[in-house]
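model_33.pdb follows (PDB, C-alpha atoms):
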```
ATOM      1  CA  MET A   1      32.533  15.745  21.030
ATOM      2  CA  ARG A   2      31.919  19.509  21.164
ATOM      3  CA  ARG A   3      28.517  20.765  22.232
ATOM      4  CA  GLY A   4      26.186  20.997  19.243
ATOM      5  CA  GLU A   5      28.376  18.774  17.066
ATOM      6  CA  ARG A   6      26.424  16.105  15.221
ATOM      7  CA  PRO A   7      27.467  12.528  15.997
ATOM      8  CA  PRO A   8      28.640  10.521  12.984
ATOM      9  CA  VAL A   9      26.066   8.431  11.123
ATOM     10  CA  VAL A  10      26.709   4.713  11.401
ATOM     11  CA  PRO A  11      24.526   3.020   8.765
ATOM     12  CA  PRO A  12      23.017  -0.264   9.945
ATOM     13  CA  GLY A  13      23.437  -2.116   6.651
ATOM     14  CA  PRO A  14      20.539  -3.660   4.719
ATOM     15  CA  THR A  15      17.439  -3.518   6.922
ATOM     16  CA  GLU A  16      14.074  -5.184   6.444
ATOM     17  CA  VAL A  17      11.223  -2.665   6.394
ATOM     18  CA  ASP A  18       7.587  -3.091   5.441
ATOM     19  CA  GLY A  19       8.355  -2.225   1.797
ATOM     20  CA  GLY A  20      11.246  -4.677   1.430
ATOM     21  CA  THR A  21      14.952  -4.105   2.060
ATOM     22  CA  ALA A  22      16.157  -0.591   2.852
ATOM     23  CA  GLU A  23      19.729   0.643   2.974
ATOM     24  CA  LEU A  24      21.460   3.942   3.723
ATOM     25  CA  LEU A  25      24.384   4.606   1.383
ATOM     26  CA  GLY A  26      26.842   7.435   1.843
ATOM     27  CA  ASP A  27      27.126   9.855  -1.089
ATOM     28  CA  ALA A  28      30.755   9.650  -2.185
ATOM     29  CA  ASP A  29      30.489  13.020  -3.939
ATOM     30  CA  ARG A  30      29.081  14.978  -0.982
ATOM     31  CA  ASP A  31      30.211  14.697   2.620
ATOM     32  CA  GLY A  32      27.420  14.343   5.143
ATOM     33  CA  SER A  33      24.953  13.135   2.506
ATOM     34  CA  TRP A  34      23.055   9.882   2.363
ATOM     35  CA  VAL A  35      20.861   8.063  -0.128
ATOM     36  CA  LEU A  36      17.961   5.959   1.088
ATOM     37  CA  MET A  37      17.532   2.879  -1.105
ATOM     38  CA  VAL A  38      14.473   0.625  -0.940
ATOM     39  CA  GLU A  39      14.548  -2.588  -2.951
ATOM     40  CA  GLY A  40      17.438  -1.172  -4.988
ATOM     41  CA  THR A  41      15.577   2.020  -5.968
ATOM     42  CA  PRO A  42      16.798   5.409  -4.684
ATOM     43  CA  GLN A  43      13.963   6.874  -2.611
ATOM     44  CA  SER A  44      15.533   9.940  -1.019
ATOM     45  CA  HIS A  45      18.745  11.950  -0.762
ATOM     46  CA  VAL A  46      19.536  13.804   2.473
ATOM     47  CA  ASP A  47      22.362  16.238   3.224
ATOM     48  CA  LEU A  48      22.591  16.396   7.004
ATOM     49  CA  ASP A  49      25.030  19.328   6.910
ATOM     50  CA  ASP A  50      22.897  21.334   4.475
ATOM     51  CA  PRO A  51      19.240  20.235   4.489
ATOM     52  CA  ALA A  52      18.450  22.982   1.963
ATOM     53  CA  HIS A  53      20.452  21.047  -0.647
ATOM     54  CA  LEU A  54      18.161  19.029  -2.911
ATOM     55  CA  GLU A  55      20.024  16.499  -5.025
ATOM     56  CA  PHE A  56      17.331  14.753  -7.075
ATOM     57  CA  GLU A  57      16.150  16.802 -10.070
ATOM     58  CA  TYR A  58      12.408  16.425  -9.499
ATOM     59  CA  VAL A  59      12.806  17.156  -5.788
ATOM     60  CA  ARG A  60      14.535  20.448  -6.659
ATOM     61  CA  ARG A  61      11.502  21.319  -8.793
ATOM     62  CA  MET A  62       9.242  20.566  -5.848
ATOM     63  CA  GLY A  63      11.536  22.783  -3.817
ATOM     64  CA  HIS A  64      10.880  25.631  -6.272
ATOM     65  CA  VAL A  65       7.142  25.145  -5.711
ATOM     66  CA  LEU A  66       7.622  25.286  -1.942
ATOM     67  CA  ASP A  67       9.809  28.394  -2.242
ATOM     68  CA  LEU A  68       7.014  30.229  -4.070
ATOM     69  CA  ALA A  69       4.086  28.927  -2.029
ATOM     70  CA  ALA A  70       4.317  31.874   0.406
ATOM     71  CA  PRO A  71       6.505  34.939   0.986
ATOM     72  CA  GLU A  72      10.166  34.045   1.542
ATOM     73  CA  GLY A  73      10.857  32.600   4.982
ATOM     74  CA  GLN A  74       7.220  32.653   6.093
ATOM     75  CA  PRO A  75       6.185  29.502   8.009
ATOM     76  CA  VAL A  76       3.576  27.289   6.361
ATOM     77  CA  ASP A  77       1.425  24.341   7.343
ATOM     78  CA  ALA A  78       2.547  21.474   5.121
ATOM     79  CA  VAL A  79       1.365  17.913   4.531
ATOM     80  CA  HIS A  80       3.732  15.378   2.989
ATOM     81  CA  LEU A  81       2.126  12.236   1.577
ATOM     82  CA  GLY A  82       4.984   9.772   1.420
ATOM     83  CA  GLY A  83       7.872  10.332   3.804
ATOM     84  CA  GLY A  84      10.970   8.454   2.680
ATOM     85  CA  ALA A  85      13.934  10.120   4.368
ATOM     86  CA  LEU A  86      11.886  13.313   5.002
ATOM     87  CA  THR A  87      13.943  15.325   2.507
ATOM     88  CA  LEU A  88      11.386  18.056   1.797
ATOM     89  CA  ALA A  89      10.296  18.215   5.430
ATOM     90  CA  ARG A  90      13.937  18.952   6.325
ATOM     91  CA  TYR A  91      14.081  21.529   3.533
ATOM     92  CA  LEU A  92      11.019  23.397   4.790
ATOM     93  CA  ALA A  93      12.263  23.244   8.378
ATOM     94  CA  VAL A  94      15.366  25.274   7.456
ATOM     95  CA  THR A  95      13.989  27.487   4.664
ATOM     96  CA  ARG A  96      10.736  28.286   6.502
ATOM     97  CA  PRO A  97      11.533  27.969  10.221
ATOM     98  CA  GLY A  98       8.500  27.454  12.398
ATOM     99  CA  SER A  99       6.547  25.590   9.742
ATOM    100  CA  ARG A 100       4.194  22.930  11.084
ATOM    101  CA  GLN A 101       4.569  19.730   9.082
ATOM    102  CA  ARG A 102       2.622  16.498   9.014
ATOM    103  CA  VAL A 103       4.005  13.480   7.201
ATOM    104  CA  VAL A 104       1.976  10.409   6.269
ATOM    105  CA  GLU A 105       4.229   7.413   5.622
ATOM    106  CA  VAL A 106       2.770   3.911   5.538
ATOM    107  CA  ASP A 107       6.075   2.161   6.366
ATOM    108  CA  GLN A 108       6.645   2.599  10.107
ATOM    109  CA  ARG A 109       9.857   0.561  10.108
ATOM    110  CA  LEU A 110      11.261   2.769   7.353
ATOM    111  CA  THR A 111      10.460   5.886   9.384
ATOM    112  CA  ASP A 112      12.095   4.327  12.448
ATOM    113  CA  LEU A 113      15.244   3.619  10.409
ATOM    114  CA  VAL A 114      15.403   7.171   9.065
ATOM    115  CA  ARG A 115      14.763   8.882  12.384
ATOM    116  CA  ALA A 116      17.318   6.680  14.174
ATOM    117  CA  HIS A 117      20.168   7.354  11.753
ATOM    118  CA  LEU A 118      19.358  10.605   9.916
ATOM    119  CA  PRO A 119      18.324  13.126  12.598
ATOM    120  CA  LEU A 120      16.022  16.000  11.679
ATOM    121  CA  PRO A 121      17.237  19.612  11.869
ATOM    122  CA  ARG A 122      17.075  21.188  15.297
ATOM    123  CA  ASP A 123      13.652  22.704  16.120
ATOM    124  CA  ALA A 124      11.982  21.008  13.140
ATOM    125  CA  ARG A 125       8.247  20.728  13.824
ATOM    126  CA  VAL A 126       7.600  17.470  11.978
ATOM    127  CA  ARG A 127       5.066  14.827  12.999
ATOM    128  CA  VAL A 128       5.033  11.487  11.189
ATOM    129  CA  ARG A 129       1.958   9.262  11.138
ATOM    130  CA  ALA A 130       2.076   5.645   9.985
ATOM    131  CA  ALA A 131      -0.860   5.332   7.600
ATOM    132  CA  ASP A 132      -1.827   4.921   3.980
ATOM    133  CA  ALA A 133      -1.496   8.297   2.247
ATOM    134  CA  ARG A 134      -5.130   8.543   1.233
ATOM    135  CA  ALA A 135      -6.448   7.442   4.612
ATOM    136  CA  GLY A 136      -4.108   9.870   6.341
ATOM    137  CA  LEU A 137      -5.226  12.684   4.061
ATOM    138  CA  ALA A 138      -8.901  11.905   4.691
ATOM    139  CA  ALA A 139      -8.300  12.149   8.447
ATOM    140  CA  LEU A 140      -7.024  15.748   8.253
ATOM    141  CA  PRO A 141      -9.318  18.715   8.929
ATOM    142  CA  PRO A 142     -10.563  20.814   6.006
ATOM    143  CA  ALA A 143      -8.643  23.989   5.125
ATOM    144  CA  SER A 144      -5.755  22.996   7.409
ATOM    145  CA  ALA A 145      -2.756  23.126   5.051
ATOM    146  CA  ASP A 146      -1.003  25.652   2.835
ATOM    147  CA  VAL A 147       0.899  23.001   0.890
ATOM    148  CA  VAL A 148       0.318  19.322   0.145
ATOM    149  CA  VAL A 149       3.138  17.294  -1.411
ATOM    150  CA  SER A 150       2.242  13.903  -2.881
ATOM    151  CA  ASP A 151       5.270  11.696  -3.566
ATOM    152  CA  VAL A 152       4.181   8.136  -2.844
ATOM    153  CA  PHE A 153       5.585   4.935  -4.281
ATOM    154  CA  ALA A 154       5.130   1.250  -3.569
ATOM    155  CA  GLY A 155       8.367  -0.050  -4.991
ATOM    156  CA  ALA A 156       8.807   2.111  -8.091
ATOM    157  CA  ARG A 157       5.098   2.698  -8.814
ATOM    158  CA  THR A 158       2.457   5.062  -7.455
ATOM    159  CA  PRO A 159      -0.504   3.027  -6.145
ATOM    160  CA  ALA A 160      -3.681   3.318  -8.211
ATOM    161  CA  HIS A 161      -5.843   4.785  -5.433
ATOM    162  CA  LEU A 162      -3.471   7.790  -5.244
ATOM    163  CA  THR A 163      -3.993   8.778  -8.886
ATOM    164  CA  THR A 164      -7.686   9.689  -8.995
ATOM    165  CA  VAL A 165     -10.131  12.574  -8.940
ATOM    166  CA  GLU A 166     -11.344  11.390  -5.545
ATOM    167  CA  TYR A 167      -7.786  11.548  -4.158
ATOM    168  CA  ALA A 168      -7.215  15.008  -5.662
ATOM    169  CA  ALA A 169     -10.526  16.138  -4.156
ATOM    170  CA  GLU A 170      -9.302  15.102  -0.693
ATOM    171  CA  ALA A 171      -6.159  17.206  -1.182
ATOM    172  CA  HIS A 172      -8.345  20.101  -2.344
ATOM    173  CA  ARG A 173     -10.465  19.753   0.801
ATOM    174  CA  VAL A 174      -7.423  19.868   3.085
ATOM    175  CA  LEU A 175      -5.843  22.899   1.383
ATOM    176  CA  ARG A 176      -6.715  26.429   2.408
ATOM    177  CA  HIS A 177      -7.898  28.817  -0.281
ATOM    178  CA  GLY A 178      -4.905  29.538  -2.474
ATOM    179  CA  GLY A 179      -3.009  26.507  -1.180
ATOM    180  CA  VAL A 180      -0.820  24.453  -3.501
ATOM    181  CA  LEU A 181      -0.644  20.741  -4.327
ATOM    182  CA  ALA A 182       2.578  19.325  -5.829
ATOM    183  CA  VAL A 183       2.512  15.778  -7.217
ATOM    184  CA  ASN A 184       5.383  13.608  -8.407
ATOM    185  CA  VAL A 185       4.291  11.817 -11.590
ATOM    186  CA  ALA A 186       6.620   9.145 -13.000
ATOM    187  CA  ASP A 187       6.009   8.128 -16.604
ATOM    188  CA  GLY A 188       7.627   7.408 -19.950
ATOM    189  CA  PRO A 189       6.680   7.275 -23.631
ATOM    190  CA  PRO A 190       3.919   7.877 -24.715
ATOM    191  CA  LEU A 191       3.133   9.703 -21.405
ATOM    192  CA  ARG A 192      -0.396   8.309 -21.302
ATOM    193  CA  PHE A 193      -0.346   8.095 -17.505
ATOM    194  CA  ALA A 194       0.995  11.652 -17.079
ATOM    195  CA  ARG A 195      -1.617  13.107 -19.420
ATOM    196  CA  GLY A 196      -4.343  11.378 -17.422
ATOM    197  CA  GLN A 197      -2.910  12.734 -14.181
ATOM    198  CA  VAL A 198      -2.955  16.298 -15.486
ATOM    199  CA  ALA A 199      -6.538  15.839 -16.718
ATOM    200  CA  THR A 200      -7.426  14.551 -13.247
ATOM    201  CA  LEU A 201      -5.992  17.605 -11.494
ATOM    202  CA  ARG A 202      -7.650  19.959 -13.988
ATOM    203  CA  ALA A 203     -10.998  18.388 -13.070
ATOM    204  CA  VAL A 204     -10.533  19.475  -9.445
ATOM    205  CA  PHE A 205      -8.346  22.608  -9.422
ATOM    206  CA  ALA A 206      -8.727  25.877 -11.309
ATOM    207  CA  HIS A 207      -5.026  26.204 -12.196
ATOM    208  CA  VAL A 208      -2.522  23.475 -13.116
ATOM    209  CA  CYS A 209       0.980  23.466 -14.578
ATOM    210  CA  VAL A 210       3.667  20.833 -15.144
ATOM    211  CA  LEU A 211       7.430  21.075 -14.540
ATOM    212  CA  ALA A 212       9.603  18.587 -16.395
ATOM    213  CA  GLU A 213      12.859  18.076 -18.235
ATOM    214  CA  PRO A 214      12.290  18.646 -21.997
ATOM    215  CA  GLY A 215      13.278  15.129 -23.055
ATOM    216  CA  THR A 216      10.746  13.630 -20.662
ATOM    217  CA  LEU A 217       8.041  16.037 -21.865
ATOM    218  CA  ARG A 218       8.698  15.044 -25.472
ATOM    219  CA  GLY A 219       8.293  11.376 -24.592
ATOM    220  CA  ARG A 220      11.920  10.500 -25.267
ATOM    221  CA  ARG A 221      12.670   8.929 -21.908
ATOM    222  CA  PHE A 222      11.143   7.761 -18.653
ATOM    223  CA  GLY A 223      11.301  10.384 -15.914
ATOM    224  CA  ASN A 224       9.585  12.435 -13.234
ATOM    225  CA  LEU A 225       7.156  15.245 -13.964
ATOM    226  CA  VAL A 226       5.968  17.554 -11.195
ATOM    227  CA  ALA A 227       2.313  18.566 -11.514
ATOM    228  CA  VAL A 228       1.319  21.692  -9.569
ATOM    229  CA  ALA A 229      -2.303  22.594  -8.826
ATOM    230  CA  SER A 230      -4.138  25.361  -6.988
ATOM    231  CA  ASP A 231      -7.357  27.339  -7.072
ATOM    232  CA  ALA A 232      -5.221  30.490  -7.097
ATOM    233  CA  SER A 233      -3.121  31.651 -10.032
ATOM    234  CA  LEU A 234       0.235  29.883 -10.068
ATOM    235  CA  PRO A 235       3.558  31.812 -10.120
ATOM    236  CA  VAL A 236       4.361  30.550 -13.605
ATOM    237  CA  ALA A 237       6.898  33.251 -14.498
ATOM    238  CA  ALA A 238       8.880  32.721 -11.298
ATOM    239  CA  LEU A 239       8.724  28.930 -11.658
ATOM    240  CA  THR A 240       9.935  29.261 -15.251
ATOM    241  CA  ARG A 241      12.958  31.324 -14.172
ATOM    242  CA  ARG A 242      13.904  28.904 -11.424
ATOM    243  CA  CYS A 243      13.456  25.802 -13.570
ATOM    244  CA  ALA A 244      15.483  27.337 -16.418
ATOM    245  CA  ALA A 245      18.348  28.172 -14.046
ATOM    246  CA  ASP A 246      18.448  24.697 -12.529
ATOM    247  CA  PRO A 247      21.552  22.515 -13.107
ATOM    248  CA  MET A 248      19.241  20.254 -15.131
ATOM    249  CA  PRO A 249      16.912  22.814 -16.758
ATOM    250  CA  ALA A 250      13.215  22.075 -16.936
ATOM    251  CA  ARG A 251      10.234  23.528 -18.762
ATOM    252  CA  VAL A 252       7.012  24.833 -17.266
ATOM    253  CA  VAL A 253       3.916  23.898 -19.282
ATOM    254  CA  GLU A 254       0.615  25.687 -18.650
ATOM    255  CA  GLY A 255      -2.367  27.246 -20.389
ATOM    256  CA  GLU A 256      -2.943  26.273 -24.015
ATOM    257  CA  ASP A 257       0.305  24.298 -24.137
ATOM    258  CA  LEU A 258      -0.889  22.206 -21.217
ATOM    259  CA  ALA A 259      -4.268  21.664 -22.893
ATOM    260  CA  ARG A 260      -2.430  20.352 -25.970
ATOM    261  CA  PHE A 261      -0.316  18.105 -23.741
ATOM    262  CA  VAL A 262      -3.448  16.601 -22.160
ATOM    263  CA  GLY A 263      -5.148  16.132 -25.525
ATOM    264  CA  ARG A 264      -8.028  13.695 -25.238
ATOM    265  CA  ALA A 265      -6.939  12.230 -21.906
ATOM    266  CA  GLN A 266      -9.780  11.908 -19.432
ATOM    267  CA  PRO A 267      -9.752  12.343 -15.650
ATOM    268  CA  VAL A 268      -9.064   9.129 -13.732
ATOM    269  CA  THR A 269     -11.620   7.929 -11.184
ATOM    270  CA  ASP A 270     -11.427   5.231  -8.552
ATOM    271  CA  ALA A 271     -13.405   2.891 -10.791
ATOM    272  CA  GLY A 272     -10.787   2.864 -13.557
ATOM    273  CA  ALA A 273      -7.537   3.693 -11.786
ATOM    274  CA  VAL A 274      -4.277   1.839 -12.391
ATOM    275  CA  ALA A 275      -0.860   2.237 -10.800
ATOM    276  CA  SER A 276       1.799   4.307 -12.528
ATOM    277  CA  PRO A 277       3.891   2.448 -15.127
ATOM    278  CA  GLU A 278       6.777   0.225 -14.102
ATOM    279  CA  PRO A 279      10.003   2.053 -14.994
ATOM    280  CA  PRO A 280      12.339   0.326 -17.451
ATOM    281  CA  PRO A 281      15.157  -1.678 -15.825
ATOM    282  CA  GLY A 282      18.005   0.481 -14.615
ATOM    283  CA  VAL A 283      16.252   3.848 -14.931
ATOM    284  CA  PHE A 284      16.416   4.635 -11.221
ATOM    285  CA  SER A 285      19.287   2.366 -10.242
ATOM    286  CA  ARG A 286      22.283   3.859  -8.457
TER
END
```
Hey, can you dump this file as C-alpha cells for me?
Amino acid sequence: MRRGERPPVVPPGPTEVDGGTAELLGDADRDGSWVLMVEGTPQSHVDLDDPAHLEFEYVRRMGHVLDLAAPEGQPVDAVHLGGGALTLARYLAVTRPGSRQRVVEVDQRLTDLVRAHLPLPRDARVRVRAADARAGLAALPPASADVVVSDVFAGARTPAHLTTVEYAAEAHRVLRHGGVLAVNVADGPPLRFARGQVATLRAVFAHVCVLAEPGTLRGRRFGNLVAVASDASLPVAALTRRCAADPMPARVVEGEDLARFVGRAQPVTDAGAVASPEPPPGVFSR
C-alpha cells in the first residue's frame, strides 16, 4: 500500500449498538461511499473519498447553512448534537480546515463502529462525547460555539426533551452572538409538529427561517425540514439561491410567510413535549 493511501473498508456486518442493530452498506452508485443503517433506517451517508459530498437532501441544506455561517474557509467552533457517521463533522473538517468540533452522541458503541471502519479526514479536530444531547449541551460553556447542529433521533423519532423552548434556550446560551442553530425537523401532514418547532425557536431567537422541499412544506408528504435560527439576520437571499440550485430544489420560508406557516401553533415546553411523529412505513427505508 502506498504511503497516504487509505486502506479498504471491511464492513463488520450487522452489529449490535445501544440503539439496536447497525450496519454499514456500500453505496453501489458511488465508490468509496457508505450508508449507516440503524434498525433499518438510514442514519448517515459518508463519502470517504470526498467528505464534502452530501448525499441526503436535508443534510445538503444543513451544509448550505454551514457554508454561510462564516466567511468561506474560515474555521468555526461547531457543536453537533447527534453524531451518526459524523457526516457534517467530516464536511466542516474539509471545507473549514482548523475548525474545532464537539460531537455529542449518546450511543458509544455506534461511535466506536463508525470510527473503527469510517476514518475521519486527516487533521480533523473532532471530539466525540458519549452523552444525551441535552445533557451534553448543558455541560458546554456559554458563548463557546459559532454553530450548533441538532440532528438527533431515537429510532426514527426525535426525543421529546429535544423539542422544547428549554432545549432551544440551552443552544442559545452556548452560541456566540450571531451564531447559528440548525435543526432537523421530521414531520408529515398536517405538519403540526413542525409548526410547533418553528414557534418554539421563534420564542428564543430573533430570526428564524425554514428550508424544505415544496411538497413537504405543502403537507403532501412526510419529510425533513431544516429550521435555522439566530439572533443575527440570516442570509436568506444566499440560502434561497443555494436551495433553488440544489439537485432537489427547496424553498426558504421566512418573515410573513413563516408567520403564516406557524399560524396558531404555540411554543413547546418541557411540560407538554412529545416526540416527533413516527414516519409512515417505508418512508426512510433503503
Taking only C-alpha atoms into account, name the residue in A:Leu217, A:Ala238, A:Val103, A:Val183 that is nearest to Leu68 of chain A. A:Ala238
If you count all atoms listed in the file, which residues fall within 12 Å of Gly219 of chain A, apart from same-chain ones fewer than 2 positions away, as a PyMOL selection string? chain A and resi 186-195+212-217+221-225+261
Would you list the residues near (-1.0, 27.6, -0.4), meaning any protein, DNA or RNA residue with an atom at most 12 Å from that point in file coordinates, counting all atoms listed in the file, as a ChimeraX atom specification? /A:65-71,74-79,143-149,171-172,174-182,228-235
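Omitting Thr158 of chain A and its sequence neighbours fewer than 4 positions away, and counting only C-alpha atoms, the residues within 9 Å are A:Asp151, A:Val152, A:Phe153, A:Ala154, A:Leu162, A:Thr163, A:Val185, A:Ala186, A:Val274, A:Ala275, A:Ser276, A:Pro277.
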I need the residues from that last selection saved to file as an mmCIF file, in the frame of the given file (with C-alpha atoms), if you can.
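So part-v3.cif came out as:
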```cif
data_model
loop_
_atom_site.group_PDB
_atom_site.id
_atom_site.type_symbol
_atom_site.label_atom_id
_atom_site.label_comp_id
_atom_site.auth_asym_id
_atom_site.auth_seq_id
_atom_site.Cartn_x
_atom_site.Cartn_y
_atom_site.Cartn_z
ATOM 1 C CA ASP A 151 5.270 11.696 -3.566
ATOM 2 C CA VAL A 152 4.181 8.136 -2.844
ATOM 3 C CA PHE A 153 5.585 4.935 -4.281
ATOM 4 C CA ALA A 154 5.130 1.250 -3.569
ATOM 5 C CA LEU A 162 -3.471 7.790 -5.244
ATOM 6 C CA THR A 163 -3.993 8.778 -8.886
ATOM 7 C CA VAL A 185 4.291 11.817 -11.590
ATOM 8 C CA ALA A 186 6.620 9.145 -13.000
ATOM 9 C CA VAL A 274 -4.277 1.839 -12.391
ATOM 10 C CA ALA A 275 -0.860 2.237 -10.800
ATOM 11 C CA SER A 276 1.799 4.307 -12.528
ATOM 12 C CA PRO A 277 3.891 2.448 -15.127
#
```
Between A:Glu278, A:Asp246, A:Glu23, A:Glu256, single out the one closest to Glu39 of chain A, counting all atoms listed in the file. A:Glu23
Please expand the PyMOL selection byres ((chain A and resi 102) around 12) into the concrete residues it hits in this file, giving the result as a PDB file with C-alpha atoms, in the coordinates of the input.
```
ATOM      1  CA  VAL A  76       3.576  27.289   6.361  1.00  0.00           C
ATOM      2  CA  ASP A  77       1.425  24.341   7.343  1.00  0.00           C
ATOM      3  CA  ALA A  78       2.547  21.474   5.121  1.00  0.00           C
ATOM      4  CA  VAL A  79       1.365  17.913   4.531  1.00  0.00           C
ATOM      5  CA  HIS A  80       3.732  15.378   2.989  1.00  0.00           C
ATOM      6  CA  LEU A  81       2.126  12.236   1.577  1.00  0.00           C
ATOM      7  CA  GLY A  82       4.984   9.772   1.420  1.00  0.00           C
ATOM      8  CA  GLY A  83       7.872  10.332   3.804  1.00  0.00           C
ATOM      9  CA  LEU A  86      11.886  13.313   5.002  1.00  0.00           C
ATOM     10  CA  LEU A  88      11.386  18.056   1.797  1.00  0.00           C
ATOM     11  CA  ALA A  89      10.296  18.215   5.430  1.00  0.00           C
ATOM     12  CA  ARG A  90      13.937  18.952   6.325  1.00  0.00           C
ATOM     13  CA  LEU A  92      11.019  23.397   4.790  1.00  0.00           C
ATOM     14  CA  ALA A  93      12.263  23.244   8.378  1.00  0.00           C
ATOM     15  CA  SER A  99       6.547  25.590   9.742  1.00  0.00           C
ATOM     16  CA  ARG A 100       4.194  22.930  11.084  1.00  0.00           C
ATOM     17  CA  GLN A 101       4.569  19.730   9.082  1.00  0.00           C
ATOM     18  CA  VAL A 103       4.005  13.480   7.201  1.00  0.00           C
ATOM     19  CA  VAL A 104       1.976  10.409   6.269  1.00  0.00           C
ATOM     20  CA  GLU A 105       4.229   7.413   5.622  1.00  0.00           C
ATOM     21  CA  ALA A 124      11.982  21.008  13.140  1.00  0.00           C
ATOM     22  CA  ARG A 125       8.247  20.728  13.824  1.00  0.00           C
ATOM     23  CA  VAL A 126       7.600  17.470  11.978  1.00  0.00           C
ATOM     24  CA  ARG A 127       5.066  14.827  12.999  1.00  0.00           C
ATOM     25  CA  VAL A 128       5.033  11.487  11.189  1.00  0.00           C
ATOM     26  CA  ARG A 129       1.958   9.262  11.138  1.00  0.00           C
ATOM     27  CA  ALA A 130       2.076   5.645   9.985  1.00  0.00           C
ATOM     28  CA  ALA A 131      -0.860   5.332   7.600  1.00  0.00           C
ATOM     29  CA  ALA A 133      -1.496   8.297   2.247  1.00  0.00           C
ATOM     30  CA  GLY A 136      -4.108   9.870   6.341  1.00  0.00           C
ATOM     31  CA  LEU A 137      -5.226  12.684   4.061  1.00  0.00           C
ATOM     32  CA  ALA A 139      -8.300  12.149   8.447  1.00  0.00           C
ATOM     33  CA  LEU A 140      -7.024  15.748   8.253  1.00  0.00           C
ATOM     34  CA  SER A 144      -5.755  22.996   7.409  1.00  0.00           C
ATOM     35  CA  ALA A 145      -2.756  23.126   5.051  1.00  0.00           C
ATOM     36  CA  ASP A 146      -1.003  25.652   2.835  1.00  0.00           C
ATOM     37  CA  VAL A 147       0.899  23.001   0.890  1.00  0.00           C
ATOM     38  CA  VAL A 148       0.318  19.322   0.145  1.00  0.00           C
ATOM     39  CA  VAL A 149       3.138  17.294  -1.411  1.00  0.00           C
TER      40      VAL A 149
END
```
Determine the residue set returned by the PyMOL selection byres ((chain A and resi 250) around 9) for the present structure, and present it as a PyMOL selection string. chain A and resi 61+211-214+240+242-246+248-249+251-252
Distance in Å - atom CA of Gly63 of chain A versus atom CA of Val253 of chain A: 17.3 Å
In terms of only C-alpha atoms, the residue from A:Leu118, A:Thr269, A:Pro142, A:Ala206 at minimal distance from Tyr167 of chain A is A:Thr269
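Between atom CA of Ala273 of chain A and atom CA of Thr200 of chain A the interatomic distance comes to 11.0 Å.
Across the model, the gap from atom CA of Gln108 of chain A to atom CA of Ala22 of chain A is 12.4 Å.
Put simply, the PyMOL selection byres ((chain A and resi 24) around 10) in this file takes in A:Val9, A:Val10, A:Pro11, A:Pro12, A:Gly13, A:Pro14, A:Thr15, A:Ala22, A:Glu23, A:Leu25, A:Gly26, A:Asp27, A:Ser33, A:Trp34, A:Val35, A:Leu36, A:Met37, A:Val38, A:Pro42, A:Ser44, A:His45, A:Ala85, A:Leu113, A:Val114, A:His117, A:Leu118.
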